[in-house]
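Next comes start21.cif, with mmCIF, N, CA and C atoms, pLDDT in the B column; chains and numbers go by the auth columns.
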data_start
#
loop_
_atom_site.group_PDB
_atom_site.id
_atom_site.type_symbol
_atom_site.label_atom_id
_atom_site.label_comp_id
_atom_site.label_asym_id
_atom_site.label_seq_id
_atom_site.Cartn_x
_atom_site.Cartn_y
_atom_site.Cartn_z
_atom_site.B_iso_or_equiv
_atom_site.auth_seq_id
_atom_site.auth_asym_id
ATOM 1 N N MET A 1 5.374 -12.662 -6.809 68.00 200 A
ATOM 2 C CA MET A 1 4.547 -11.850 -7.685 68.00 200 A
ATOM 3 C C MET A 1 5.418 -10.774 -8.325 68.00 200 A
ATOM 4 N N ASP A 2 5.081 -10.423 -9.514 85.00 201 A
ATOM 5 C CA ASP A 2 5.788 -9.396 -10.272 85.00 201 A
ATOM 6 C C ASP A 2 5.663 -8.049 -9.565 85.00 201 A
ATOM 7 N N ARG A 3 6.784 -7.441 -9.264 83.00 202 A
ATOM 8 C CA ARG A 3 6.778 -6.175 -8.507 83.00 202 A
ATOM 9 C C ARG A 3 6.113 -5.042 -9.302 83.00 202 A
ATOM 10 N N ASP A 4 6.264 -5.041 -10.600 88.00 203 A
ATOM 11 C CA ASP A 4 5.592 -4.013 -11.410 88.00 203 A
ATOM 12 C C ASP A 4 4.079 -4.132 -11.277 88.00 203 A
ATOM 13 N N ASN A 5 3.600 -5.364 -11.222 92.00 204 A
ATOM 14 C CA ASN A 5 2.166 -5.585 -11.059 92.00 204 A
ATOM 15 C C ASN A 5 1.696 -5.122 -9.676 92.00 204 A
ATOM 16 N N LEU A 6 2.511 -5.358 -8.645 91.00 205 A
ATOM 17 C CA LEU A 6 2.169 -4.870 -7.309 91.00 205 A
ATOM 18 C C LEU A 6 2.018 -3.355 -7.302 91.00 205 A
ATOM 19 N N VAL A 7 2.938 -2.682 -7.968 92.00 206 A
ATOM 20 C CA VAL A 7 2.886 -1.221 -8.034 92.00 206 A
ATOM 21 C C VAL A 7 1.617 -0.773 -8.758 92.00 206 A
ATOM 22 N N LYS A 8 1.288 -1.413 -9.862 95.00 207 A
ATOM 23 C CA LYS A 8 0.070 -1.053 -10.602 95.00 207 A
ATOM 24 C C LYS A 8 -1.170 -1.234 -9.744 95.00 207 A
ATOM 25 N N MET A 9 -1.253 -2.367 -9.051 96.00 208 A
ATOM 26 C CA MET A 9 -2.423 -2.623 -8.208 96.00 208 A
ATOM 27 C C MET A 9 -2.485 -1.628 -7.053 96.00 208 A
ATOM 28 N N ALA A 10 -1.357 -1.369 -6.416 96.00 209 A
ATOM 29 C CA ALA A 10 -1.317 -0.418 -5.300 96.00 209 A
ATOM 30 C C ALA A 10 -1.714 0.975 -5.770 96.00 209 A
ATOM 31 N N ASN A 11 -1.275 1.352 -6.953 97.00 210 A
ATOM 32 C CA ASN A 11 -1.631 2.672 -7.489 97.00 210 A
ATOM 33 C C ASN A 11 -3.133 2.800 -7.735 97.00 210 A
ATOM 34 N N ARG A 12 -3.766 1.725 -8.174 97.00 211 A
ATOM 35 C CA ARG A 12 -5.213 1.764 -8.372 97.00 211 A
ATOM 36 C C ARG A 12 -5.938 1.945 -7.036 97.00 211 A
ATOM 37 N N ILE A 13 -5.443 1.291 -6.020 97.00 212 A
ATOM 38 C CA ILE A 13 -6.030 1.435 -4.684 97.00 212 A
ATOM 39 C C ILE A 13 -5.874 2.882 -4.217 97.00 212 A
ATOM 40 N N ALA A 14 -4.692 3.423 -4.375 97.00 213 A
ATOM 41 C CA ALA A 14 -4.434 4.808 -3.956 97.00 213 A
ATOM 42 C C ALA A 14 -5.315 5.781 -4.723 97.00 213 A
ATOM 43 N N SER A 15 -5.495 5.549 -5.992 97.00 214 A
ATOM 44 C CA SER A 15 -6.346 6.443 -6.800 97.00 214 A
ATOM 45 C C SER A 15 -7.769 6.490 -6.257 97.00 214 A
ATOM 46 N N PHE A 16 -8.243 5.357 -5.776 97.00 215 A
ATOM 47 C CA PHE A 16 -9.586 5.315 -5.212 97.00 215 A
ATOM 48 C C PHE A 16 -9.649 6.097 -3.898 97.00 215 A
ATOM 49 N N PHE A 17 -8.679 5.877 -3.009 97.00 216 A
ATOM 50 C CA PHE A 17 -8.743 6.457 -1.670 97.00 216 A
ATOM 51 C C PHE A 17 -8.201 7.886 -1.576 97.00 216 A
ATOM 52 N N GLU A 18 -7.593 8.405 -2.623 95.00 217 A
ATOM 53 C CA GLU A 18 -7.070 9.767 -2.539 95.00 217 A
ATOM 54 C C GLU A 18 -8.182 10.801 -2.401 95.00 217 A
ATOM 55 N N ALA A 19 -9.418 10.403 -2.616 95.00 218 A
ATOM 56 C CA ALA A 19 -10.548 11.320 -2.461 95.00 218 A
ATOM 57 C C ALA A 19 -10.998 11.469 -1.004 95.00 218 A
ATOM 58 N N MET A 20 -10.353 10.757 -0.090 96.00 219 A
ATOM 59 C CA MET A 20 -10.712 10.871 1.328 96.00 219 A
ATOM 60 C C MET A 20 -10.484 12.307 1.789 96.00 219 A
ATOM 61 N N PRO A 21 -11.200 12.741 2.833 95.00 220 A
ATOM 62 C CA PRO A 21 -11.100 14.130 3.279 95.00 220 A
ATOM 63 C C PRO A 21 -9.699 14.566 3.717 95.00 220 A
ATOM 64 N N THR A 22 -8.931 13.662 4.321 96.00 221 A
ATOM 65 C CA THR A 22 -7.583 14.034 4.756 96.00 221 A
ATOM 66 C C THR A 22 -6.574 13.007 4.268 96.00 221 A
ATOM 67 N N GLU A 23 -5.336 13.442 4.206 94.00 222 A
ATOM 68 C CA GLU A 23 -4.240 12.551 3.806 94.00 222 A
ATOM 69 C C GLU A 23 -4.118 11.375 4.775 94.00 222 A
ATOM 70 N N ALA A 24 -4.261 11.649 6.073 94.00 223 A
ATOM 71 C CA ALA A 24 -4.141 10.590 7.076 94.00 223 A
ATOM 72 C C ALA A 24 -5.236 9.530 6.889 94.00 223 A
ATOM 73 N N GLU A 25 -6.451 9.967 6.594 96.00 224 A
ATOM 74 C CA GLU A 25 -7.540 9.014 6.350 96.00 224 A
ATOM 75 C C GLU A 25 -7.264 8.191 5.092 96.00 224 A
ATOM 76 N N ALA A 26 -6.768 8.843 4.071 96.00 225 A
ATOM 77 C CA ALA A 26 -6.453 8.137 2.826 96.00 225 A
ATOM 78 C C ALA A 26 -5.371 7.094 3.067 96.00 225 A
ATOM 79 N N GLN A 27 -4.331 7.463 3.804 93.00 226 A
ATOM 80 C CA GLN A 27 -3.263 6.514 4.115 93.00 226 A
ATOM 81 C C GLN A 27 -3.810 5.325 4.901 93.00 226 A
ATOM 82 N N GLN A 28 -4.653 5.605 5.885 92.00 227 A
ATOM 83 C CA GLN A 28 -5.221 4.528 6.699 92.00 227 A
ATOM 84 C C GLN A 28 -6.067 3.592 5.856 92.00 227 A
ATOM 85 N N GLU A 29 -6.853 4.142 4.958 95.00 228 A
ATOM 86 C CA GLU A 29 -7.703 3.304 4.116 95.00 228 A
ATOM 87 C C GLU A 29 -6.892 2.463 3.135 95.00 228 A
ATOM 88 N N VAL A 30 -5.817 3.031 2.612 95.00 229 A
ATOM 89 C CA VAL A 30 -4.930 2.245 1.742 95.00 229 A
ATOM 90 C C VAL A 30 -4.354 1.077 2.540 95.00 229 A
ATOM 91 N N CYS A 31 -3.878 1.369 3.739 91.00 230 A
ATOM 92 C CA CYS A 31 -3.322 0.323 4.599 91.00 230 A
ATOM 93 C C CYS A 31 -4.379 -0.741 4.912 91.00 230 A
ATOM 94 N N ASN A 32 -5.573 -0.309 5.285 92.00 231 A
ATOM 95 C CA ASN A 32 -6.650 -1.261 5.594 92.00 231 A
ATOM 96 C C ASN A 32 -6.957 -2.160 4.405 92.00 231 A
ATOM 97 N N HIS A 33 -7.023 -1.561 3.230 95.00 232 A
ATOM 98 C CA HIS A 33 -7.324 -2.344 2.029 95.00 232 A
ATOM 99 C C HIS A 33 -6.225 -3.375 1.763 95.00 232 A
ATOM 100 N N LEU A 34 -4.978 -2.947 1.858 93.00 233 A
ATOM 101 C CA LEU A 34 -3.873 -3.875 1.625 93.00 233 A
ATOM 102 C C LEU A 34 -3.882 -5.014 2.641 93.00 233 A
ATOM 103 N N ARG A 35 -4.186 -4.706 3.888 90.00 234 A
ATOM 104 C CA ARG A 35 -4.233 -5.748 4.920 90.00 234 A
ATOM 105 C C ARG A 35 -5.378 -6.716 4.681 90.00 234 A
ATOM 106 N N LYS A 36 -6.522 -6.215 4.226 92.00 235 A
ATOM 107 C CA LYS A 36 -7.686 -7.076 4.012 92.00 235 A
ATOM 108 C C LYS A 36 -7.554 -7.967 2.788 92.00 235 A
ATOM 109 N N PHE A 37 -7.019 -7.393 1.707 94.00 236 A
ATOM 110 C CA PHE A 37 -7.121 -8.072 0.423 94.00 236 A
ATOM 111 C C PHE A 37 -5.804 -8.562 -0.179 94.00 236 A
ATOM 112 N N TRP A 38 -4.683 -8.176 0.390 93.00 237 A
ATOM 113 C CA TRP A 38 -3.404 -8.643 -0.128 93.00 237 A
ATOM 114 C C TRP A 38 -2.818 -9.682 0.814 93.00 237 A
ATOM 115 N N ALA A 39 -2.205 -10.691 0.243 91.00 238 A
ATOM 116 C CA ALA A 39 -1.519 -11.702 1.043 91.00 238 A
ATOM 117 C C ALA A 39 -0.320 -11.061 1.747 91.00 238 A
ATOM 118 N N PRO A 40 0.045 -11.601 2.909 90.00 239 A
ATOM 119 C CA PRO A 40 1.204 -11.050 3.621 90.00 239 A
ATOM 120 C C PRO A 40 2.468 -10.989 2.757 90.00 239 A
ATOM 121 N N THR A 41 2.645 -11.956 1.885 90.00 240 A
ATOM 122 C CA THR A 41 3.829 -11.944 1.024 90.00 240 A
ATOM 123 C C THR A 41 3.797 -10.782 0.036 90.00 240 A
ATOM 124 N N MET A 42 2.607 -10.425 -0.419 91.00 241 A
ATOM 125 C CA MET A 42 2.473 -9.297 -1.333 91.00 241 A
ATOM 126 C C MET A 42 2.787 -7.993 -0.616 91.00 241 A
ATOM 127 N N ARG A 43 2.263 -7.844 0.592 90.00 242 A
ATOM 128 C CA ARG A 43 2.530 -6.628 1.367 90.00 242 A
ATOM 129 C C ARG A 43 4.019 -6.513 1.683 90.00 242 A
ATOM 130 N N ALA A 44 4.622 -7.627 2.066 89.00 243 A
ATOM 131 C CA ALA A 44 6.049 -7.618 2.384 89.00 243 A
ATOM 132 C C ALA A 44 6.876 -7.269 1.146 89.00 243 A
ATOM 133 N N ALA A 45 6.506 -7.795 -0.005 90.00 244 A
ATOM 134 C CA ALA A 45 7.235 -7.494 -1.240 90.00 244 A
ATOM 135 C C ALA A 45 7.146 -6.015 -1.581 90.00 244 A
ATOM 136 N N LEU A 46 5.981 -5.416 -1.374 91.00 245 A
ATOM 137 C CA LEU A 46 5.820 -3.991 -1.645 91.00 245 A
ATOM 138 C C LEU A 46 6.701 -3.161 -0.716 91.00 245 A
ATOM 139 N N VAL A 47 6.700 -3.490 0.563 90.00 246 A
ATOM 140 C CA VAL A 47 7.527 -2.762 1.535 90.00 246 A
ATOM 141 C C VAL A 47 9.008 -2.949 1.226 90.00 246 A
ATOM 142 N N GLU A 48 9.408 -4.158 0.876 89.00 247 A
ATOM 143 C CA GLU A 48 10.811 -4.413 0.510 89.00 247 A
ATOM 144 C C GLU A 48 11.225 -3.579 -0.689 89.00 247 A
ATOM 145 N N GLU A 49 10.349 -3.489 -1.654 89.00 248 A
ATOM 146 C CA GLU A 49 10.637 -2.701 -2.860 89.00 248 A
ATOM 147 C C GLU A 49 10.807 -1.225 -2.499 89.00 248 A
ATOM 148 N N ILE A 50 9.948 -0.720 -1.637 88.00 249 A
ATOM 149 C CA ILE A 50 10.056 0.671 -1.190 88.00 249 A
ATOM 150 C C ILE A 50 11.352 0.874 -0.418 88.00 249 A
ATOM 151 N N ASP A 51 11.662 -0.044 0.499 88.00 250 A
ATOM 152 C CA ASP A 51 12.880 0.053 1.313 88.00 250 A
ATOM 153 C C ASP A 51 14.147 0.043 0.461 88.00 250 A
ATOM 154 N N ALA A 52 14.093 -0.682 -0.634 88.00 251 A
ATOM 155 C CA ALA A 52 15.255 -0.802 -1.513 88.00 251 A
ATOM 156 C C ALA A 52 15.394 0.405 -2.438 88.00 251 A
ATOM 157 N N GLY A 53 14.474 1.353 -2.295 84.00 252 A
ATOM 158 C CA GLY A 53 14.519 2.535 -3.149 84.00 252 A
ATOM 159 C C GLY A 53 13.909 2.301 -4.513 84.00 252 A
ATOM 160 N N GLY A 54 13.224 1.177 -4.631 78.00 253 A
ATOM 161 C CA GLY A 54 12.611 0.839 -5.913 78.00 253 A
ATOM 162 C C GLY A 54 11.199 1.365 -6.011 78.00 253 A
ATOM 163 N N ALA A 55 10.400 0.652 -6.734 78.00 254 A
ATOM 164 C CA ALA A 55 9.001 0.988 -6.972 78.00 254 A
ATOM 165 C C ALA A 55 8.846 2.321 -7.688 78.00 254 A
ATOM 166 N N PRO A 56 9.562 2.503 -8.812 86.00 255 A
ATOM 167 C CA PRO A 56 9.362 3.737 -9.568 86.00 255 A
ATOM 168 C C PRO A 56 7.913 3.810 -10.041 86.00 255 A
ATOM 169 N N GLY A 57 7.375 4.997 -9.993 91.00 256 A
ATOM 170 C CA GLY A 57 6.005 5.187 -10.416 91.00 256 A
ATOM 171 C C GLY A 57 4.976 4.883 -9.349 91.00 256 A
ATOM 172 N N LEU A 58 5.428 4.521 -8.159 93.00 257 A
ATOM 173 C CA LEU A 58 4.492 4.227 -7.078 93.00 257 A
ATOM 174 C C LEU A 58 3.806 5.509 -6.628 93.00 257 A
ATOM 175 N N HIS A 59 2.510 5.454 -6.502 96.00 258 A
ATOM 176 C CA HIS A 59 1.708 6.608 -6.068 96.00 258 A
ATOM 177 C C HIS A 59 2.228 7.073 -4.704 96.00 258 A
ATOM 178 N N PRO A 60 2.426 8.371 -4.535 94.00 259 A
ATOM 179 C CA PRO A 60 2.943 8.887 -3.258 94.00 259 A
ATOM 180 C C PRO A 60 2.084 8.496 -2.050 94.00 259 A
ATOM 181 N N LEU A 61 0.807 8.315 -2.256 96.00 260 A
ATOM 182 C CA LEU A 61 -0.076 7.911 -1.158 96.00 260 A
ATOM 183 C C LEU A 61 0.274 6.514 -0.656 96.00 260 A
ATOM 184 N N VAL A 62 0.581 5.608 -1.556 94.00 261 A
ATOM 185 C CA VAL A 62 0.970 4.251 -1.152 94.00 261 A
ATOM 186 C C VAL A 62 2.297 4.294 -0.413 94.00 261 A
ATOM 187 N N ARG A 63 3.236 5.044 -0.944 91.00 262 A
ATOM 188 C CA ARG A 63 4.557 5.160 -0.303 91.00 262 A
ATOM 189 C C ARG A 63 4.411 5.727 1.112 91.00 262 A
ATOM 190 N N ALA A 64 3.589 6.766 1.257 91.00 263 A
ATOM 191 C CA ALA A 64 3.381 7.383 2.569 91.00 263 A
ATOM 192 C C ALA A 64 2.679 6.419 3.521 91.00 263 A
ATOM 193 N N ALA A 65 1.670 5.722 3.026 90.00 264 A
ATOM 194 C CA ALA A 65 0.942 4.768 3.870 90.00 264 A
ATOM 195 C C ALA A 65 1.857 3.639 4.326 90.00 264 A
ATOM 196 N N ALA A 66 2.653 3.113 3.406 88.00 265 A
ATOM 197 C CA ALA A 66 3.552 2.010 3.748 88.00 265 A
ATOM 198 C C ALA A 66 4.636 2.448 4.724 88.00 265 A
ATOM 199 N N THR A 67 5.043 3.693 4.650 85.00 266 A
ATOM 200 C CA THR A 67 6.063 4.210 5.553 85.00 266 A
ATOM 201 C C THR A 67 5.468 4.519 6.920 85.00 266 A
ATOM 202 N N ARG A 68 4.384 5.261 6.939 85.00 267 A
ATOM 203 C CA ARG A 68 3.782 5.695 8.202 85.00 267 A
ATOM 204 C C ARG A 68 3.116 4.551 8.956 85.00 267 A
ATOM 205 N N LEU A 69 2.518 3.627 8.222 80.00 268 A
ATOM 206 C CA LEU A 69 1.737 2.555 8.839 80.00 268 A
ATOM 207 C C LEU A 69 2.402 1.193 8.663 80.00 268 A
ATOM 208 N N ARG A 70 3.706 1.200 8.561 82.00 269 A
ATOM 209 C CA ARG A 70 4.489 -0.014 8.304 82.00 269 A
ATOM 210 C C ARG A 70 4.150 -1.148 9.268 82.00 269 A
ATOM 211 N N ALA A 71 4.106 -0.860 10.557 83.00 270 A
ATOM 212 C CA ALA A 71 3.843 -1.902 11.559 83.00 270 A
ATOM 213 C C ALA A 71 2.459 -2.535 11.333 83.00 270 A
ATOM 214 N N ASP A 72 1.469 -1.699 11.028 81.00 271 A
ATOM 215 C CA ASP A 72 0.128 -2.216 10.760 81.00 271 A
ATOM 216 C C ASP A 72 0.119 -3.067 9.502 81.00 271 A
ATOM 217 N N LEU A 73 0.812 -2.617 8.505 80.00 272 A
ATOM 218 C CA LEU A 73 0.821 -3.296 7.212 80.00 272 A
ATOM 219 C C LEU A 73 1.479 -4.667 7.301 80.00 272 A
ATOM 220 N N LEU A 74 2.493 -4.796 8.142 81.00 273 A
ATOM 221 C CA LEU A 74 3.253 -6.036 8.227 81.00 273 A
ATOM 222 C C LEU A 74 2.926 -6.860 9.477 81.00 273 A
ATOM 223 N N ALA A 75 1.887 -6.455 10.213 80.00 274 A
ATOM 224 C CA ALA A 75 1.542 -7.149 11.455 80.00 274 A
ATOM 225 C C ALA A 75 1.227 -8.625 11.199 80.00 274 A
ATOM 226 N N PRO A 76 1.750 -9.498 12.050 75.00 275 A
ATOM 227 C CA PRO A 76 1.429 -10.925 11.908 75.00 275 A
ATOM 228 C C PRO A 76 -0.069 -11.158 12.068 75.00 275 A
ATOM 229 N N GLY A 77 -0.581 -12.073 11.312 67.00 276 A
ATOM 230 C CA GLY A 77 -1.987 -12.392 11.401 67.00 276 A
ATOM 231 C C GLY A 77 -2.901 -11.406 10.700 67.00 276 A
ATOM 232 N N ALA A 78 -2.302 -10.429 10.051 58.00 277 A
ATOM 233 C CA ALA A 78 -3.111 -9.413 9.372 58.00 277 A
ATOM 234 C C ALA A 78 -3.565 -9.922 8.031 58.00 277 A
#

In structure tokens, how does this file's structure come out?
Amino acid sequence: MDRDNLVKMANRIASFFEAMPTEAEAQQEVCNHLRKFWAPTMRAALVEEIDAGGAPGLHPLVRAAATRLRADLLAPGA
């Protein structure tokens, strides 16, 4: 999948969940959404892009969620 498209989709998710009462809740909800609705390959591609220092324009909430909740995001069977 096109990495720019992944960033756009992730940013839309973050925009929705940034209204959560706390940053930790917002991060958890972003992670939950990605686990429920994104294929494992999509989640892995997003994390790889972040790890490589890429993903310019990525919403800080997505970056924080992917960093803090990495194990949950990449868990097998998720």

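Residues matched by the PyMOL selection byres (((chain A and resi 236-243 and name CA) around 8) and name CA) in this file: Met200, Leu205, His232, Leu233, Arg234, Lys235, Ala244, Leu245, Val246, Glu247, Leu272, Leu273 and Ala277 of chain A.
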
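Take atom C of Val206 of chain A and atom CA of Leu260 of chain A: the distance between them is 11.7 Å.
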
How big is the axis-aligned box, and where does its centre sit, when it encloses all atoms of segment 200-212 of chain A listed in the file and has 8 Å added on every side, reported in Å to one decimal as JSON?
{"center_x": 0.4, "center_y": -4.9, "center_z": -7.8, "size_x": 28.8, "size_y": 31.5, "size_z": 23.2}

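Atom CA of Glu224 of chain A sits 25.6 Å away from atom CA of Arg202 of chain A.
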
Discussion item. If I take atom CA of Gly256 of chain A and atom CA of Asn210 of chain A, how far is one from the other in Å, to one decimal?
Written reply: 8.6 Å

Discussion item. Could you pull out the alpha helix (DSSP H) residues of chain A, going by DSSP on the backbone, and write them as a PyMOL selection string?
Written reply: chain A and resi 202-216+222-236+239-250+259-267+269-272

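The nearest approach to Ile249 of chain A among the residues A:Asn204, A:Thr266, A:Asn231, A:Gln226, with only C-alpha atoms taken into account, belongs to A:Thr266.
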
Fill in: Contacts of Arg267 of chain A within 10 Å, only C-alpha atoms, excl. fewer than 5 positions in-chain, as an NGL selection string
:A and (223 or 226-227 or 230 or 261-262 or 272)

Mind dumping the selected residues with N, CA and C atoms as an mmCIF file, in the coordinates of the input?
data_model
loop_
_atom_site.group_PDB
_atom_site.id
_atom_site.type_symbol
_atom_site.label_atom_id
_atom_site.label_comp_id
_atom_site.auth_asym_id
_atom_site.auth_seq_id
_atom_site.Cartn_x
_atom_site.Cartn_y
_atom_site.Cartn_z
ATOM 1 N N ALA A 223 -4.261 11.649 6.073
ATOM 2 C CA ALA A 223 -4.141 10.590 7.076
ATOM 3 C C ALA A 223 -5.236 9.530 6.889
ATOM 4 N N GLN A 226 -4.331 7.463 3.804
ATOM 5 C CA GLN A 226 -3.263 6.514 4.115
ATOM 6 C C GLN A 226 -3.810 5.325 4.901
ATOM 7 N N GLN A 227 -4.653 5.605 5.885
ATOM 8 C CA GLN A 227 -5.221 4.528 6.699
ATOM 9 C C GLN A 227 -6.067 3.592 5.856
ATOM 10 N N CYS A 230 -3.878 1.369 3.739
ATOM 11 C CA CYS A 230 -3.322 0.323 4.599
ATOM 12 C C CYS A 230 -4.379 -0.741 4.912
ATOM 13 N N VAL A 261 0.581 5.608 -1.556
ATOM 14 C CA VAL A 261 0.970 4.251 -1.152
ATOM 15 C C VAL A 261 2.297 4.294 -0.413
ATOM 16 N N ARG A 262 3.236 5.044 -0.944
ATOM 17 C CA ARG A 262 4.557 5.160 -0.303
ATOM 18 C C ARG A 262 4.411 5.727 1.112
ATOM 19 N N LEU A 272 0.812 -2.617 8.505
ATOM 20 C CA LEU A 272 0.821 -3.296 7.212
ATOM 21 C C LEU A 272 1.479 -4.667 7.301
#

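Restricting the calculation to only N, CA and C atoms, the smallest distance between Lys207 of chain A and any of A:Glu228, A:Thr221, A:Leu257, A:Gly252 is found for A:Leu257.
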
Discussion item. When you count all atoms listed in the file, which of these residues is closest to His258 of chain A: A:Val229, A:Met219, A:Ala209, A:Ala274?
Written reply: A:Ala209

Could N, CA, C and O atoms be built for segment 254-270 of chain A and written out as a PDB file, in the coordinates of the input?
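Full text of rebuild-v3.pdb as output:
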ATOM      1  N   ALA A 254      10.400   0.652  -6.734  1.00 78.00           N
ATOM      2  CA  ALA A 254       9.001   0.988  -6.972  1.00 78.00           C
ATOM      3  C   ALA A 254       8.846   2.321  -7.688  1.00 78.00           C
ATOM      4  O   ALA A 254       8.090   3.187  -7.264  1.00 78.00           O
ATOM      5  N   PRO A 255       9.562   2.503  -8.812  1.00 86.00           N
ATOM      6  CA  PRO A 255       9.362   3.737  -9.568  1.00 86.00           C
ATOM      7  C   PRO A 255       7.913   3.810 -10.041  1.00 86.00           C
ATOM      8  O   PRO A 255       7.316   2.810 -10.390  1.00 86.00           O
ATOM      9  N   GLY A 256       7.375   4.997  -9.993  1.00 91.00           N
ATOM     10  CA  GLY A 256       6.005   5.187 -10.416  1.00 91.00           C
ATOM     11  C   GLY A 256       4.976   4.883  -9.349  1.00 91.00           C
ATOM     12  O   GLY A 256       3.782   4.974  -9.601  1.00 91.00           O
ATOM     13  N   LEU A 257       5.428   4.521  -8.159  1.00 93.00           N
ATOM     14  CA  LEU A 257       4.492   4.227  -7.078  1.00 93.00           C
ATOM     15  C   LEU A 257       3.806   5.509  -6.628  1.00 93.00           C
ATOM     16  O   LEU A 257       4.458   6.535  -6.417  1.00 93.00           O
ATOM     17  N   HIS A 258       2.510   5.454  -6.502  1.00 96.00           N
ATOM     18  CA  HIS A 258       1.708   6.608  -6.068  1.00 96.00           C
ATOM     19  C   HIS A 258       2.228   7.073  -4.704  1.00 96.00           C
ATOM     20  O   HIS A 258       2.448   6.258  -3.805  1.00 96.00           O
ATOM     21  N   PRO A 259       2.426   8.371  -4.535  1.00 94.00           N
ATOM     22  CA  PRO A 259       2.943   8.887  -3.258  1.00 94.00           C
ATOM     23  C   PRO A 259       2.084   8.496  -2.050  1.00 94.00           C
ATOM     24  O   PRO A 259       2.602   8.329  -0.945  1.00 94.00           O
ATOM     25  N   LEU A 260       0.807   8.315  -2.256  1.00 96.00           N
ATOM     26  CA  LEU A 260      -0.076   7.911  -1.158  1.00 96.00           C
ATOM     27  C   LEU A 260       0.274   6.514  -0.656  1.00 96.00           C
ATOM     28  O   LEU A 260       0.276   6.262   0.543  1.00 96.00           O
ATOM     29  N   VAL A 261       0.581   5.608  -1.556  1.00 94.00           N
ATOM     30  CA  VAL A 261       0.970   4.251  -1.152  1.00 94.00           C
ATOM     31  C   VAL A 261       2.297   4.294  -0.413  1.00 94.00           C
ATOM     32  O   VAL A 261       2.460   3.664   0.640  1.00 94.00           O
ATOM     33  N   ARG A 262       3.236   5.044  -0.944  1.00 91.00           N
ATOM     34  CA  ARG A 262       4.557   5.160  -0.303  1.00 91.00           C
ATOM     35  C   ARG A 262       4.411   5.727   1.112  1.00 91.00           C
ATOM     36  O   ARG A 262       4.983   5.213   2.070  1.00 91.00           O
ATOM     37  N   ALA A 263       3.589   6.766   1.257  1.00 91.00           N
ATOM     38  CA  ALA A 263       3.381   7.383   2.569  1.00 91.00           C
ATOM     39  C   ALA A 263       2.679   6.419   3.521  1.00 91.00           C
ATOM     40  O   ALA A 263       3.055   6.308   4.689  1.00 91.00           O
ATOM     41  N   ALA A 264       1.670   5.722   3.026  1.00 90.00           N
ATOM     42  CA  ALA A 264       0.942   4.768   3.870  1.00 90.00           C
ATOM     43  C   ALA A 264       1.857   3.639   4.326  1.00 90.00           C
ATOM     44  O   ALA A 264       1.850   3.254   5.496  1.00 90.00           O
ATOM     45  N   ALA A 265       2.653   3.113   3.406  1.00 88.00           N
ATOM     46  CA  ALA A 265       3.552   2.010   3.748  1.00 88.00           C
ATOM     47  C   ALA A 265       4.636   2.448   4.724  1.00 88.00           C
ATOM     48  O   ALA A 265       5.081   1.659   5.559  1.00 88.00           O
ATOM     49  N   THR A 266       5.043   3.693   4.650  1.00 85.00           N
ATOM     50  CA  THR A 266       6.063   4.210   5.553  1.00 85.00           C
ATOM     51  C   THR A 266       5.468   4.519   6.920  1.00 85.00           C
ATOM     52  O   THR A 266       5.964   4.072   7.946  1.00 85.00           O
ATOM     53  N   ARG A 267       4.384   5.261   6.939  1.00 85.00           N
ATOM     54  CA  ARG A 267       3.782   5.695   8.202  1.00 85.00           C
ATOM     55  C   ARG A 267       3.116   4.551   8.956  1.00 85.00           C
ATOM     56  O   ARG A 267       3.152   4.496  10.180  1.00 85.00           O
ATOM     57  N   LEU A 268       2.518   3.627   8.222  1.00 80.00           N
ATOM     58  CA  LEU A 268       1.737   2.555   8.839  1.00 80.00           C
ATOM     59  C   LEU A 268       2.402   1.193   8.663  1.00 80.00           C
ATOM     60  O   LEU A 268       1.739   0.165   8.629  1.00 80.00           O
ATOM     61  N   ARG A 269       3.706   1.200   8.561  1.00 82.00           N
ATOM     62  CA  ARG A 269       4.489  -0.014   8.304  1.00 82.00           C
ATOM     63  C   ARG A 269       4.150  -1.148   9.268  1.00 82.00           C
ATOM     64  O   ARG A 269       3.934  -2.284   8.863  1.00 82.00           O
ATOM     65  N   ALA A 270       4.106  -0.860  10.557  1.00 83.00           N
ATOM     66  CA  ALA A 270       3.843  -1.902  11.559  1.00 83.00           C
ATOM     67  C   ALA A 270       2.459  -2.535  11.333  1.00 83.00           C
ATOM     68  O   ALA A 270       2.307  -3.751  11.437  1.00 83.00           O
TER      69      ALA A 270
END
